[in-house]
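Novice: Provided below: data-v4.tsv, containing TSV, C-alpha atoms.
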chain	number	residue	atom	x	y	z
A	1	MET	CA	92.16	142.24	44.04
A	2	ALA	CA	89.41	143.04	46.52
A	3	THR	CA	86.61	140.54	46.22
A	4	ARG	CA	83.98	140.74	48.90
A	5	PRO	CA	84.92	139.25	52.28
A	6	PRO	CA	83.91	135.63	52.89
A	7	PRO	CA	80.21	135.59	53.75
A	8	ASP	CA	79.62	135.19	57.47
A	9	PRO	CA	76.11	136.42	58.31
A	10	TRP	CA	76.44	135.36	61.94
A	11	LEU	CA	79.59	137.46	62.41
A	12	ASP	CA	78.00	140.46	60.66
A	13	HIS	CA	74.87	140.10	62.75
A	14	ARG	CA	76.88	139.93	65.97
A	15	LEU	CA	79.08	142.89	65.07
A	16	THR	CA	76.12	144.96	63.90
A	17	ALA	CA	74.22	144.27	67.12
A	18	ALA	CA	77.27	145.19	69.20
A	19	ALA	CA	77.85	148.38	67.21
A	20	ARG	CA	74.19	149.31	67.62
A	21	GLY	CA	74.70	149.01	71.35
A	22	GLY	CA	77.60	151.49	71.16
A	23	ASP	CA	80.58	149.18	70.61
A	24	ALA	CA	82.96	151.21	68.45
A	25	GLU	CA	85.37	148.28	68.07
A	26	ALA	CA	82.60	146.18	66.51
A	27	PHE	CA	81.95	148.97	64.01
A	28	GLU	CA	85.66	149.15	63.27
A	29	GLN	CA	85.72	145.41	62.58
A	30	LEU	CA	82.83	145.78	60.15
A	31	TYR	CA	84.61	148.67	58.47
A	32	THR	CA	87.84	146.68	58.14
A	33	ARG	CA	85.92	143.67	56.85
A	34	TYR	CA	84.12	145.55	54.04
A	35	ARG	CA	86.42	148.52	53.36
A	36	ASP	CA	88.39	147.05	50.46
A	37	TRP	CA	85.32	145.66	48.75
A	38	VAL	CA	83.47	148.98	49.09
A	39	VAL	CA	86.35	151.04	47.75
A	40	SER	CA	86.83	148.62	44.85
A	41	LEU	CA	83.14	148.87	44.00
A	42	ALA	CA	83.24	152.66	44.31
A	43	LEU	CA	86.25	152.79	42.03
A	44	ARG	CA	84.43	150.64	39.48
A	45	TYR	CA	81.61	153.16	39.31
A	46	THR	CA	83.45	156.46	39.76
A	47	ARG	CA	86.70	155.53	37.95
A	48	ASN	CA	88.33	158.19	40.05
A	49	ARG	CA	90.52	157.53	43.07
A	50	ASP	CA	89.49	160.56	45.13
A	51	ASP	CA	85.80	160.05	44.41
A	52	ALA	CA	86.09	156.37	45.35
A	53	LEU	CA	87.65	157.29	48.71
A	54	ASP	CA	84.93	159.88	49.32
A	55	VAL	CA	82.27	157.29	48.50
A	56	LEU	CA	83.89	154.86	50.93
A	57	GLN	CA	83.75	157.48	53.66
A	58	GLU	CA	80.17	158.54	52.91
A	59	THR	CA	79.00	154.92	52.73
A	60	PHE	CA	80.20	154.07	56.22
A	61	LEU	CA	79.02	157.36	57.70
A	62	TYR	CA	75.60	156.62	56.21
A	63	PHE	CA	75.74	153.12	57.71
A	64	LEU	CA	76.66	154.70	61.07
A	65	ARG	CA	73.60	156.99	60.87
A	66	LYS	CA	71.35	154.07	59.94
A	67	LEU	CA	72.70	151.76	62.66
A	68	PRO	CA	70.03	152.48	65.33
A	69	GLU	CA	67.22	151.17	63.10
A	70	PHE	CA	69.35	148.76	61.07
A	71	ARG	CA	68.23	145.12	61.34
A	72	PRO	CA	70.23	142.87	59.02
A	73	ARG	CA	67.90	140.52	57.17
A	74	ALA	CA	70.52	139.33	54.71
A	75	GLU	CA	74.22	139.75	53.94
A	76	LEU	CA	75.59	143.21	54.69
A	77	THR	CA	76.64	143.42	51.03
A	78	THR	CA	73.00	143.70	50.04
A	79	PHE	CA	72.71	146.81	52.21
A	80	LEU	CA	76.04	148.33	51.21
A	81	TYR	CA	75.86	147.71	47.46
A	82	PRO	CA	72.98	150.07	46.61
A	83	VAL	CA	74.43	152.74	48.91
A	84	VAL	CA	77.83	152.60	47.21
A	85	ARG	CA	76.25	152.49	43.77
A	86	ASN	CA	73.98	155.49	44.37
A	87	LEU	CA	76.67	157.60	46.02
A	88	ALA	CA	79.16	156.74	43.26
A	89	LEU	CA	76.74	157.49	40.43
A	90	THR	CA	75.76	160.79	42.05
A	91	ARG	CA	79.42	161.79	42.16
A	92	ARG	CA	79.92	160.71	38.60
A	93	ARG	CA	76.88	162.67	37.46
A	94	LYS	CA	78.32	165.77	39.12
A	95	ARG	CA	81.57	165.31	37.24
A	96	ARG	CA	79.90	164.51	33.95
A	97	PRO	CA	76.47	166.17	33.91
A	98	GLU	CA	76.03	165.34	30.21
A	99	LEU	CA	75.59	161.66	31.15
A	100	ALA	CA	72.19	160.63	32.46
A	101	GLY	CA	70.27	157.57	33.53
A	102	GLU	CA	71.13	154.38	31.63
A	103	GLU	CA	73.99	156.10	29.88
A	104	ILE	CA	75.87	156.64	33.11
A	105	LEU	CA	75.24	153.05	34.18
A	106	ILE	CA	76.58	151.73	30.90
A	107	GLU	CA	79.67	153.79	31.15
A	108	ALA	CA	80.36	153.56	34.84
A	109	PRO	CA	81.39	149.93	35.37
A	110	ALA	CA	83.71	149.84	32.37
A	111	PRO	CA	87.16	148.35	32.95
A	112	GLU	CA	90.47	150.14	32.74
A	113	PRO	CA	90.99	151.06	29.09
A	114	VAL	CA	94.48	149.66	28.72
A	115	ASP	CA	94.94	145.93	28.97
A	116	HIS	CA	97.76	144.18	27.16
A	117	ASP	CA	96.02	140.84	27.01
A	118	HIS	CA	94.24	140.47	23.66
A	119	SER	CA	91.35	138.30	24.84
A	120	ARG	CA	90.71	140.60	27.82
A	121	ARG	CA	90.60	143.59	25.48
A	122	GLU	CA	88.05	141.76	23.34
A	123	LEU	CA	86.09	140.82	26.45
A	124	ALA	CA	86.06	144.45	27.58
A	125	ALA	CA	84.73	145.48	24.18
A	126	VAL	CA	81.89	142.94	24.32
A	127	LEU	CA	81.05	143.97	27.90
A	128	ARG	CA	80.70	147.57	26.76
A	129	GLY	CA	77.99	146.43	24.36
A	130	LEU	CA	75.92	144.70	27.05
A	131	ALA	CA	72.81	146.36	28.44
A	132	ALA	CA	73.62	148.17	31.69
A	133	GLY	CA	71.45	145.88	33.81
A	134	GLN	CA	72.99	142.72	32.33
A	135	HIS	CA	76.50	144.07	32.79
A	136	GLU	CA	75.82	144.94	36.40
A	137	VAL	CA	74.37	141.54	37.27
A	138	LEU	CA	77.25	139.77	35.51
A	139	LEU	CA	79.82	141.65	37.61
A	140	LEU	CA	77.93	141.20	40.87
A	141	ARG	CA	77.75	137.48	40.22
A	142	PHE	CA	81.22	136.69	38.94
A	143	VAL	CA	83.45	139.51	40.21
A	144	ASP	CA	81.83	140.16	43.59
A	145	GLY	CA	80.64	136.58	44.05
A	146	LEU	CA	77.14	137.50	45.22
A	147	ALA	CA	74.51	134.75	45.18
A	148	LEU	CA	71.56	135.28	42.85
A	149	GLU	CA	69.26	135.96	45.80
A	150	GLU	CA	71.70	138.53	47.18
A	151	ILE	CA	71.83	140.30	43.82
A	152	ALA	CA	68.04	140.42	43.74
A	153	ALA	CA	68.02	141.94	47.24
A	154	ALA	CA	70.83	144.40	46.48
A	155	LEU	CA	69.19	145.68	43.31
A	156	ALA	CA	65.63	145.36	44.68
A	157	ILE	CA	64.52	143.37	41.63
A	158	PRO	CA	62.85	139.95	41.37
A	159	LEU	CA	65.04	136.85	41.34
A	160	GLY	CA	63.62	135.95	37.94
A	161	THR	CA	64.88	139.23	36.50
A	162	VAL	CA	68.37	138.55	37.90
A	163	LYS	CA	68.39	135.12	36.25
A	164	SER	CA	67.08	136.54	33.00
A	165	ARG	CA	69.72	139.29	32.87
A	166	LEU	CA	72.51	136.88	33.71
A	167	HIS	CA	71.28	134.41	31.13
A	168	HIS	CA	71.20	137.06	28.38
A	169	ALA	CA	74.63	138.43	29.34
A	170	LEU	CA	76.19	134.96	29.19
A	171	ARG	CA	74.42	134.16	25.94
A	172	THR	CA	75.81	137.34	24.37
A	173	LEU	CA	79.33	136.38	25.49
A	174	ARG	CA	78.84	132.82	24.25
A	175	GLU	CA	77.57	133.91	20.85
A	176	ASP	CA	79.92	136.81	20.18
A	177	ALA	CA	82.86	135.74	18.01
A	178	ARG	CA	85.25	137.81	20.14
A	179	THR	CA	84.43	135.95	23.38
A	180	ARG	CA	83.17	132.56	22.13
A	181	GLU	CA	86.65	131.19	22.72
A	182	TYR	CA	86.11	131.25	26.51
A	183	PHE	CA	83.25	128.80	26.15
A	184	ASP	CA	84.89	126.65	23.44
A	185	ARG	CA	88.09	126.13	25.42
A	186	ASP	CA	86.45	125.53	28.72
A	187	THR	CA	84.07	122.64	28.35
A	188	GLY	CA	83.80	122.16	32.09
A	189	LYS	CA	81.80	125.17	33.21
A	190	THR	CA	82.72	126.49	36.60
A	191	ARG	CA	80.60	128.50	38.94
A	192	ALA	CA	82.26	131.58	40.31
A	193	GLU	CA	82.26	131.63	44.08
B	1	MET	CA	52.87	122.94	35.61
B	2	THR	CA	53.60	126.56	34.73
B	3	ARG	CA	56.84	128.25	35.74
B	4	PRO	CA	57.02	131.83	37.01
B	5	GLU	CA	58.03	134.34	34.38
B	6	ASN	CA	61.82	134.59	33.91
B	7	GLU	CA	62.59	131.96	36.52
B	8	GLY	CA	62.98	129.07	34.13
B	9	PHE	CA	66.73	129.25	33.54
B	10	PRO	CA	68.47	126.05	34.56
B	11	GLU	CA	71.46	126.59	36.86
B	12	PRO	CA	74.10	125.37	34.33
B	13	GLU	CA	73.07	128.18	31.97
B	14	LEU	CA	73.88	130.72	34.68
B	15	THR	CA	77.48	129.60	35.22
B	16	ALA	CA	80.61	130.84	33.49
B	17	PRO	CA	83.87	129.19	32.48
B	18	ALA	CA	86.63	129.64	35.04
B	19	ARG	CA	88.84	131.58	32.63
B	20	LEU	CA	86.08	134.02	31.85
B	21	VAL	CA	85.51	134.60	35.56
B	22	GLU	CA	89.22	135.15	36.05
B	23	ASP	CA	89.39	137.70	33.24
B	24	LEU	CA	86.27	139.50	34.46
B	25	ARG	CA	87.98	139.85	37.83
B	26	ARG	CA	91.21	141.06	36.25
B	27	LEU	CA	89.29	143.70	34.33
B	28	HIS	CA	87.05	144.93	37.10
B	29	ASP	CA	88.32	143.91	40.49
B	30	ARG	CA	90.69	146.77	41.12
B	31	THR	CA	91.33	148.50	44.35
B	32	ILE	CA	93.40	151.31	45.79
B	33	PRO	CA	95.17	151.63	49.10
B	34	VAL	CA	93.00	153.45	51.60
B	35	PRO	CA	94.94	156.24	53.31
B	36	ALA	CA	94.96	156.46	57.09
B	37	ALA	CA	93.19	159.84	56.83
B	38	THR	CA	90.14	158.17	55.24
B	39	ASP	CA	90.08	155.49	57.94
B	40	ALA	CA	90.26	158.24	60.56
B	41	ALA	CA	87.48	160.21	58.85
B	42	VAL	CA	85.18	157.21	59.28
B	43	LEU	CA	86.34	155.75	62.58
B	44	GLY	CA	86.72	159.06	64.42
B	45	PRO	CA	83.03	160.05	64.15
B	46	ALA	CA	82.07	156.40	64.75
B	47	ARG	CA	83.92	156.35	68.08
B	48	ARG	CA	82.31	159.64	69.14
B	49	VAL	CA	78.76	158.71	68.10
B	50	LEU	CA	78.93	155.14	69.42
B	51	GLY	CA	80.60	156.26	72.64
B	52	ARG	CA	77.66	158.58	73.31
B	53	ARG	CA	75.22	155.81	72.40
B	54	ARG	CA	76.94	153.40	74.79
B	55	THR	CA	76.60	155.93	77.63
B	56	VAL	CA	72.89	156.37	76.86
B	57	HIS	CA	72.45	152.57	76.78
B	58	ARG	CA	74.18	152.20	80.14
B	59	VAL	CA	72.09	154.94	81.72
B	60	ARG	CA	68.95	153.24	80.40
B	61	TRP	CA	70.03	149.87	81.76
B	62	VAL	CA	70.88	151.29	85.17
B	63	ALA	CA	67.54	153.12	85.27
B	64	ALA	CA	65.64	149.97	84.26
B	65	ALA	CA	67.51	147.86	86.84
B	66	ALA	CA	66.86	150.45	89.56
B	67	ALA	CA	63.15	150.55	88.65
B	68	ALA	CA	62.98	146.74	88.79
B	69	MET	CA	64.69	146.67	92.18
B	70	LEU	CA	62.34	149.35	93.50
B	71	LEU	CA	59.30	147.44	92.26
B	72	LEU	CA	60.58	144.26	93.87
B	73	ALA	CA	61.28	146.02	97.16
B	74	LEU	CA	57.78	147.55	97.15
B	75	SER	CA	55.98	144.35	96.28
B	76	LEU	CA	57.98	141.95	98.48
B	77	PRO	CA	56.13	142.70	101.76
B	78	ALA	CA	52.78	142.10	100.07
B	79	VAL	CA	54.03	138.84	98.58
B	80	LEU	CA	55.33	137.69	101.95
B	81	ARG	CA	52.10	138.68	103.69
B	82	ARG	CA	50.17	136.62	101.16
B	83	ALA	CA	52.51	133.70	101.74
B	84	GLU	CA	52.02	133.92	105.50
B	85	ARG	CA	48.24	133.90	105.22
B	86	ARG	CA	46.50	130.77	106.45
B	87	PRO	CA	42.99	130.84	105.10
B	88	ALA	CA	40.23	128.77	106.65
B	89	PRO	CA	40.02	125.33	104.98
B	90	ASP	CA	36.47	126.00	103.77
B	91	ARG	CA	37.74	128.95	101.68
B	92	ILE	CA	40.03	126.71	99.66
B	93	ALA	CA	38.21	125.90	96.49
B	94	PHE	CA	40.50	123.21	95.13
B	95	ARG	CA	43.47	121.05	96.00
B	96	GLY	CA	46.80	122.87	95.98
B	97	ASP	CA	45.42	126.43	96.29
B	98	LEU	CA	46.83	126.78	99.80
B	99	ASP	CA	46.50	130.58	100.04
B	100	ALA	CA	42.94	130.58	98.65
B	101	SER	CA	43.89	132.92	95.85
B	102	GLY	CA	41.70	131.07	93.37
B	103	ARG	CA	44.61	129.61	91.43
B	104	ILE	CA	47.58	127.33	91.98
B	105	ASP	CA	50.79	129.28	91.64
B	106	ILE	CA	54.34	129.16	92.91
B	107	LEU	CA	53.33	131.08	96.02
B	108	ASP	CA	51.31	128.05	97.15
B	109	ALA	CA	54.46	125.93	96.94
B	110	PHE	CA	56.28	128.71	98.82
B	111	VAL	CA	53.63	128.72	101.58
B	112	LEU	CA	54.03	124.99	102.07
B	113	ALA	CA	57.83	125.00	101.89
B	114	ARG	CA	58.01	127.77	104.51
B	115	GLY	CA	55.54	125.92	106.72
B	116	LEU	CA	57.56	122.71	106.52
B	117	ARG	CA	60.85	124.48	107.20
B	118	ALA	CA	59.38	126.34	110.19
B	119	GLY	CA	58.06	123.03	111.59
B	120	ALA	CA	54.54	124.41	111.59
B	121	ALA	CA	51.70	122.07	112.41
B	122	ALA	CA	50.57	120.48	109.17
B	123	GLU	CA	47.08	121.28	108.02
B	124	GLU	CA	44.96	118.64	106.37
B	125	HIS	CA	44.71	120.42	103.00
B	126	TRP	CA	48.52	120.59	102.78
B	127	ASP	CA	48.58	116.89	101.90
B	128	VAL	CA	47.95	117.59	98.25
B	129	THR	CA	49.33	114.23	97.08
B	130	GLY	CA	46.90	112.42	99.37
B	131	ASP	CA	49.51	109.97	100.64
B	132	GLY	CA	48.79	110.74	104.30
B	133	ARG	CA	52.01	112.70	104.78
B	134	VAL	CA	52.93	116.36	104.38
B	135	ASP	CA	56.42	116.59	102.97
B	136	ALA	CA	58.56	117.83	100.08
B	137	GLU	CA	56.53	115.69	97.65
B	138	ASP	CA	53.57	117.99	98.29
B	139	VAL	CA	55.72	121.05	97.58
B	140	HIS	CA	56.91	119.48	94.31
B	141	TRP	CA	53.36	118.56	93.32
B	142	ILE	CA	52.22	122.16	93.71
B	143	ALA	CA	55.30	123.54	91.97
B	144	ARG	CA	54.75	121.21	89.00
B	145	ARG	CA	51.12	122.26	88.75
B	146	ALA	CA	52.05	125.93	89.05
B	147	VAL	CA	54.35	125.85	86.02
B	148	ARG	CA	52.17	123.61	83.84
B	149	LEU	CA	51.39	125.25	80.53
B	150	ASP	CA	47.96	123.72	80.05
B	151	GLN	CA	46.36	124.96	83.23
Here is a file; write its structure as C-alpha cells.
Specialist:
Amino acid sequence: MATRPPPDPWLDHRLTAAARGGDAEAFEQLYTRYRDWVVSLALRYTRNRDDALDVLQETFLYFLRKLPEFRPRAELTTFLYPVVRNLALTRRRKRRPELAGEEILIEAPAPEPVDHDHSRRELAAVLRGLAAGQHEVLLLRFVDGLALEEIAAALAIPLGTVKSRLHHALRTLREDARTREYFDRDTGKTRAE
Amino acid sequence: MTRPENEGFPEPELTAPARLVEDLRRLHDRTIPVPAATDAAVLGPARRVLGRRRTVHRVRWVAAAAAAMLLLALSLPAVLRRAERRPAPDRIAFRGDLDASGRIDILDAFVLARGLRAGAAAEEHWDVTGDGRVDAEDVHWIARRAVRLDQ
C-alpha cells in the first residue's frame, strides 16, 4: 500500500526552499517522500502501469519547472494532487477518446475488477454507482487520508462542498443493502487518518 | 444563527467505520515498483537544472556581497569624518546630538566613545546624563536613545 507520507509541512517547506535555491538533494528527498503516493494515485486514474509511471515523471518535472515561483501555502499533496489527476486523465482520454468529462472521472478511480472478498466486491459495485465527485472525495479522505481542508484546496472547491459530497457518499453506503453491513457491524465509528 | 450552505454536517456524520476504511484502501491503494530508469528520468534533469540554479544563486550572492562591501568602503571615510567633527556648542540643538546632525543616532554614541577612548578633553555638552561626569554612562544614554522606536 502507498498511502500519502506522514504530513510534515515544516519538512516540505524546508526542502522546497532548499530545492528552490538549487539544492538537488532536497528535491530528491521530496521526490522520494511523495513518489509512491503519486504513482499510486496515477495508477488509480490511468489503470495502466506505463501511463502511471509516465504521469509520475511528468508530475515531478512539472514541479521542477514550477519551483522558482512555488510558495507552499499548504501541504504539498494539495499541489501535487490536481497535477497528477489532470495528467492522468489526459492520458486516459488519449487512450479512450470515447470517454469524456464526468464519464472519465466515474470510470477512472474504479478498483481492480477482481477481488475474491465478497463484501469488497459489493463495496466496489456500490462505489461505481456514486457520483464522480462524491467518489473522489471519499477516496481522498479515507484512502489518501487528506484532511477536509486539504481536499478543498486540492480540488479548488469550497469546504462546504467537500463536506456535502462526503456526507452523501457515506449516506449512500450506509443505506445501500450491499454495504449497510459495514455500518451495522461497526458501531464505534472510526475516523480514517 | 444561520449556517453557511453545505457546511452544516456534524463531524461524526463524516467519519467511516474502520473496516470500511480498510476495504476502501484494499480496493484502491495499489502501487507498482518504480523502476530505476523512471527515477533517473526525474532526478537527472533535476540535478542539471538545480545545479545551474545554484550557480546563478551563488553568483548573485557574491555580486551582492561585493556591492555591499564596495558601498561600505566608499561610505566609511564620510562616516568617520562625520564622527570626527566637533561642532560648536551653539549649533547643537538638543541634548545627545553631539555631531549636530539634527537627530540622535548611533554615530553620536560613536563620537563620544571615540573621544573618551582617545582621552580627549571632555566638552560640556558630552555630559548628556547631567551627572557632572563624562563617562560610559553618557555613551549608553545616547545609544539607548538612538535605538528607541518611539523617537
Novice: Which residues are near stretch 110-117 of chain B? Cut-off 12 Å, all atoms listed in the file, ignore same chain within fewer than 5 positions. Put them as an MDAnalysis selection string.
Specialist: chainID B and resid 79:87 96:100 104:105 122:128 133:143 146
Novice: Given the selection you just returned, output its residues as a file containing C-alpha atoms, formatted as a CSV table (one decimal), keeping the file's coordinate frame.
Specialist:
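The file below, part20.csv, is the result:
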chain,number,residue,atom,x,y,z
B,79,VAL,CA,54.0,138.8,98.6
B,80,LEU,CA,55.3,137.7,102.0
B,81,ARG,CA,52.1,138.7,103.7
B,82,ARG,CA,50.2,136.6,101.2
B,83,ALA,CA,52.5,133.7,101.7
B,84,GLU,CA,52.0,133.9,105.5
B,85,ARG,CA,48.2,133.9,105.2
B,86,ARG,CA,46.5,130.8,106.4
B,87,PRO,CA,43.0,130.8,105.1
B,96,GLY,CA,46.8,122.9,96.0
B,97,ASP,CA,45.4,126.4,96.3
B,98,LEU,CA,46.8,126.8,99.8
B,99,ASP,CA,46.5,130.6,100.0
B,100,ALA,CA,42.9,130.6,98.6
B,104,ILE,CA,47.6,127.3,92.0
B,105,ASP,CA,50.8,129.3,91.6
B,122,ALA,CA,50.6,120.5,109.2
B,123,GLU,CA,47.1,121.3,108.0
B,124,GLU,CA,45.0,118.6,106.4
B,125,HIS,CA,44.7,120.4,103.0
B,126,TRP,CA,48.5,120.6,102.8
B,127,ASP,CA,48.6,116.9,101.9
B,128,VAL,CA,48.0,117.6,98.2
B,133,ARG,CA,52.0,112.7,104.8
B,134,VAL,CA,52.9,116.4,104.4
B,135,ASP,CA,56.4,116.6,103.0
B,136,ALA,CA,58.6,117.8,100.1
B,137,GLU,CA,56.5,115.7,97.6
B,138,ASP,CA,53.6,118.0,98.3
B,139,VAL,CA,55.7,121.0,97.6
B,140,HIS,CA,56.9,119.5,94.3
B,141,TRP,CA,53.4,118.6,93.3
B,142,ILE,CA,52.2,122.2,93.7
B,143,ALA,CA,55.3,123.5,92.0
B,146,ALA,CA,52.0,125.9,89.0
Novice: Work out how far atom CA of A:Ala177 is from atom CA of A:Val137, in Å to one decimal.
Specialist: 21.8 Å
Novice: How far is it from atom CA of A:Leu130 to atom CA of A:Leu155, in Å with one decimal?
Specialist: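 Computing it gives 17.6 Å between the two atoms.
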Novice: At a cut-off of 7 Å, can you tabulate as a Markdown table every residue of chain B near chain A together with its closest atom pair and the distance in Å to one decimal, using all atoms listed in the file and ordering rows by chain then number?
Specialist:
| residue | atom | partner | partner_atom | distance |
| --- | --- | --- | --- | --- |
| B:Glu5 | CA | A:Gly160 | CA | 6.8 |
| B:Asn6 | CA | A:Gly160 | CA | 4.6 |
| B:Glu7 | CA | A:Gly160 | CA | 4.4 |
| B:Phe9 | CA | A:Lys163 | CA | 6.7 |
| B:Glu13 | CA | A:His167 | CA | 6.5 |
| B:Leu14 | CA | A:His167 | CA | 5.7 |
| B:Thr15 | CA | A:Arg191 | CA | 5.0 |
| B:Ala16 | CA | A:Thr190 | CA | 5.7 |
| B:Pro17 | CA | A:Lys189 | CA | 4.6 |
| B:Ala18 | CA | A:Thr190 | CA | 5.3 |
| B:Arg19 | CA | A:Tyr182 | CA | 6.7 |
| B:Leu20 | CA | A:Tyr182 | CA | 6.0 |
| B:Val21 | CA | A:Phe142 | CA | 5.8 |
| B:Asp23 | CA | A:Arg120 | CA | 6.3 |
| B:Leu24 | CA | A:Val143 | CA | 6.4 |
| B:Arg25 | CA | A:Val143 | CA | 5.1 |
| B:Leu27 | CA | A:Pro111 | CA | 5.3 |
| B:His28 | CA | A:Pro111 | CA | 5.4 |
| B:Asp29 | CA | A:Met1 | CA | 5.5 |
| B:Arg30 | CA | A:Met1 | CA | 5.6 |
| B:Thr31 | CA | A:Ser40 | CA | 4.5 |
| B:Thr38 | CA | A:Gln57 | CA | 6.6 |
| B:Ala41 | CA | A:Gln57 | CA | 6.9 |
| B:Val42 | CA | A:Gln57 | CA | 5.8 |
| B:Leu43 | CA | A:Glu28 | CA | 6.7 |
| B:Ala46 | CA | A:Ala24 | CA | 6.4 |
| B:Arg47 | CA | A:Ala24 | CA | 5.2 |
| B:Leu50 | CA | A:Gly22 | CA | 4.3 |
| B:Gly51 | CA | A:Gly22 | CA | 5.8 |
| B:Arg53 | CA | A:Gly22 | CA | 5.1 |
| B:Arg54 | CA | A:Gly22 | CA | 4.2 |
| B:His57 | CA | A:Gly21 | CA | 6.9 |
Novice: Kindly give the distance, in Å, that separates atom CA of A:Ala131 and atom CA of A:Leu80, rounded to a single decimal.
Specialist: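 Straight-line distance from atom CA of A:Ala131 to atom CA of A:Leu80 works out to 23.1 Å.
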Novice: Nearest to A:Arg71: which of A:Arg92, A:Arg47, A:His13, A:Arg128 is it, counting all atoms listed in the file?
Specialist: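 Distance minimum relative to A:Arg71 lands on A:His13.
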Novice: Missing atoms in stretch 127-142 of chain A: fill them in up to N, CA, C and O atoms and send the result as a tab-separated table (two decimals), in the frame of the given file.
Specialist:
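See rebuild-v2.tsv below for the written result:
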chain	number	residue	atom	x	y	z
A	127	LEU	N	81.75	143.52	26.68
A	127	LEU	CA	81.05	143.97	27.90
A	127	LEU	C	80.45	145.36	27.70
A	127	LEU	O	79.37	145.65	28.18
A	128	ARG	N	81.20	146.21	26.99
A	128	ARG	CA	80.70	147.57	26.76
A	128	ARG	C	79.40	147.57	25.96
A	128	ARG	O	78.61	148.49	26.06
A	129	GLY	N	79.20	146.51	25.17
A	129	GLY	CA	77.99	146.43	24.36
A	129	GLY	C	76.79	145.83	25.09
A	129	GLY	O	75.68	145.86	24.60
A	130	LEU	N	77.03	145.29	26.29
A	130	LEU	CA	75.92	144.70	27.05
A	130	LEU	C	74.99	145.79	27.59
A	130	LEU	O	75.44	146.91	27.86
A	131	ALA	N	73.74	145.43	27.78
A	131	ALA	CA	72.81	146.36	28.44
A	131	ALA	C	73.32	146.59	29.87
A	131	ALA	O	73.90	145.68	30.49
A	132	ALA	N	73.08	147.80	30.38
A	132	ALA	CA	73.62	148.17	31.69
A	132	ALA	C	73.22	147.18	32.79
A	132	ALA	O	74.04	146.75	33.61
A	133	GLY	N	71.95	146.79	32.77
A	133	GLY	CA	71.45	145.88	33.81
A	133	GLY	C	72.12	144.52	33.74
A	133	GLY	O	72.43	143.91	34.77
A	134	GLN	N	72.34	144.03	32.51
A	134	GLN	CA	72.99	142.72	32.33
A	134	GLN	C	74.44	142.78	32.79
A	134	GLN	O	74.95	141.88	33.44
A	135	HIS	N	75.10	143.87	32.41
A	135	HIS	CA	76.50	144.07	32.79
A	135	HIS	C	76.65	144.06	34.31
A	135	HIS	O	77.53	143.40	34.88
A	136	GLU	N	75.76	144.79	34.94
A	136	GLU	CA	75.82	144.94	36.40
A	136	GLU	C	75.64	143.58	37.10
A	136	GLU	O	76.39	143.23	38.01
A	137	VAL	N	74.64	142.84	36.65
A	137	VAL	CA	74.37	141.54	37.27
A	137	VAL	C	75.55	140.58	37.04
A	137	VAL	O	75.96	139.84	37.94
A	138	LEU	N	76.11	140.63	35.84
A	138	LEU	CA	77.25	139.77	35.51
A	138	LEU	C	78.42	140.03	36.47
A	138	LEU	O	79.04	139.10	36.99
A	139	LEU	N	78.69	141.31	36.72
A	139	LEU	CA	79.82	141.65	37.61
A	139	LEU	C	79.51	141.28	39.06
A	139	LEU	O	80.38	140.77	39.78
A	140	LEU	N	78.29	141.54	39.48
A	140	LEU	CA	77.93	141.20	40.87
A	140	LEU	C	78.07	139.70	41.09
A	140	LEU	O	78.50	139.26	42.16
A	141	ARG	N	77.70	138.93	40.06
A	141	ARG	CA	77.75	137.48	40.22
A	141	ARG	C	79.18	136.95	40.17
A	141	ARG	O	79.60	136.20	41.04
A	142	PHE	N	79.93	137.36	39.16
A	142	PHE	CA	81.22	136.69	38.94
A	142	PHE	C	82.44	137.47	39.48
A	142	PHE	O	83.47	136.88	39.71
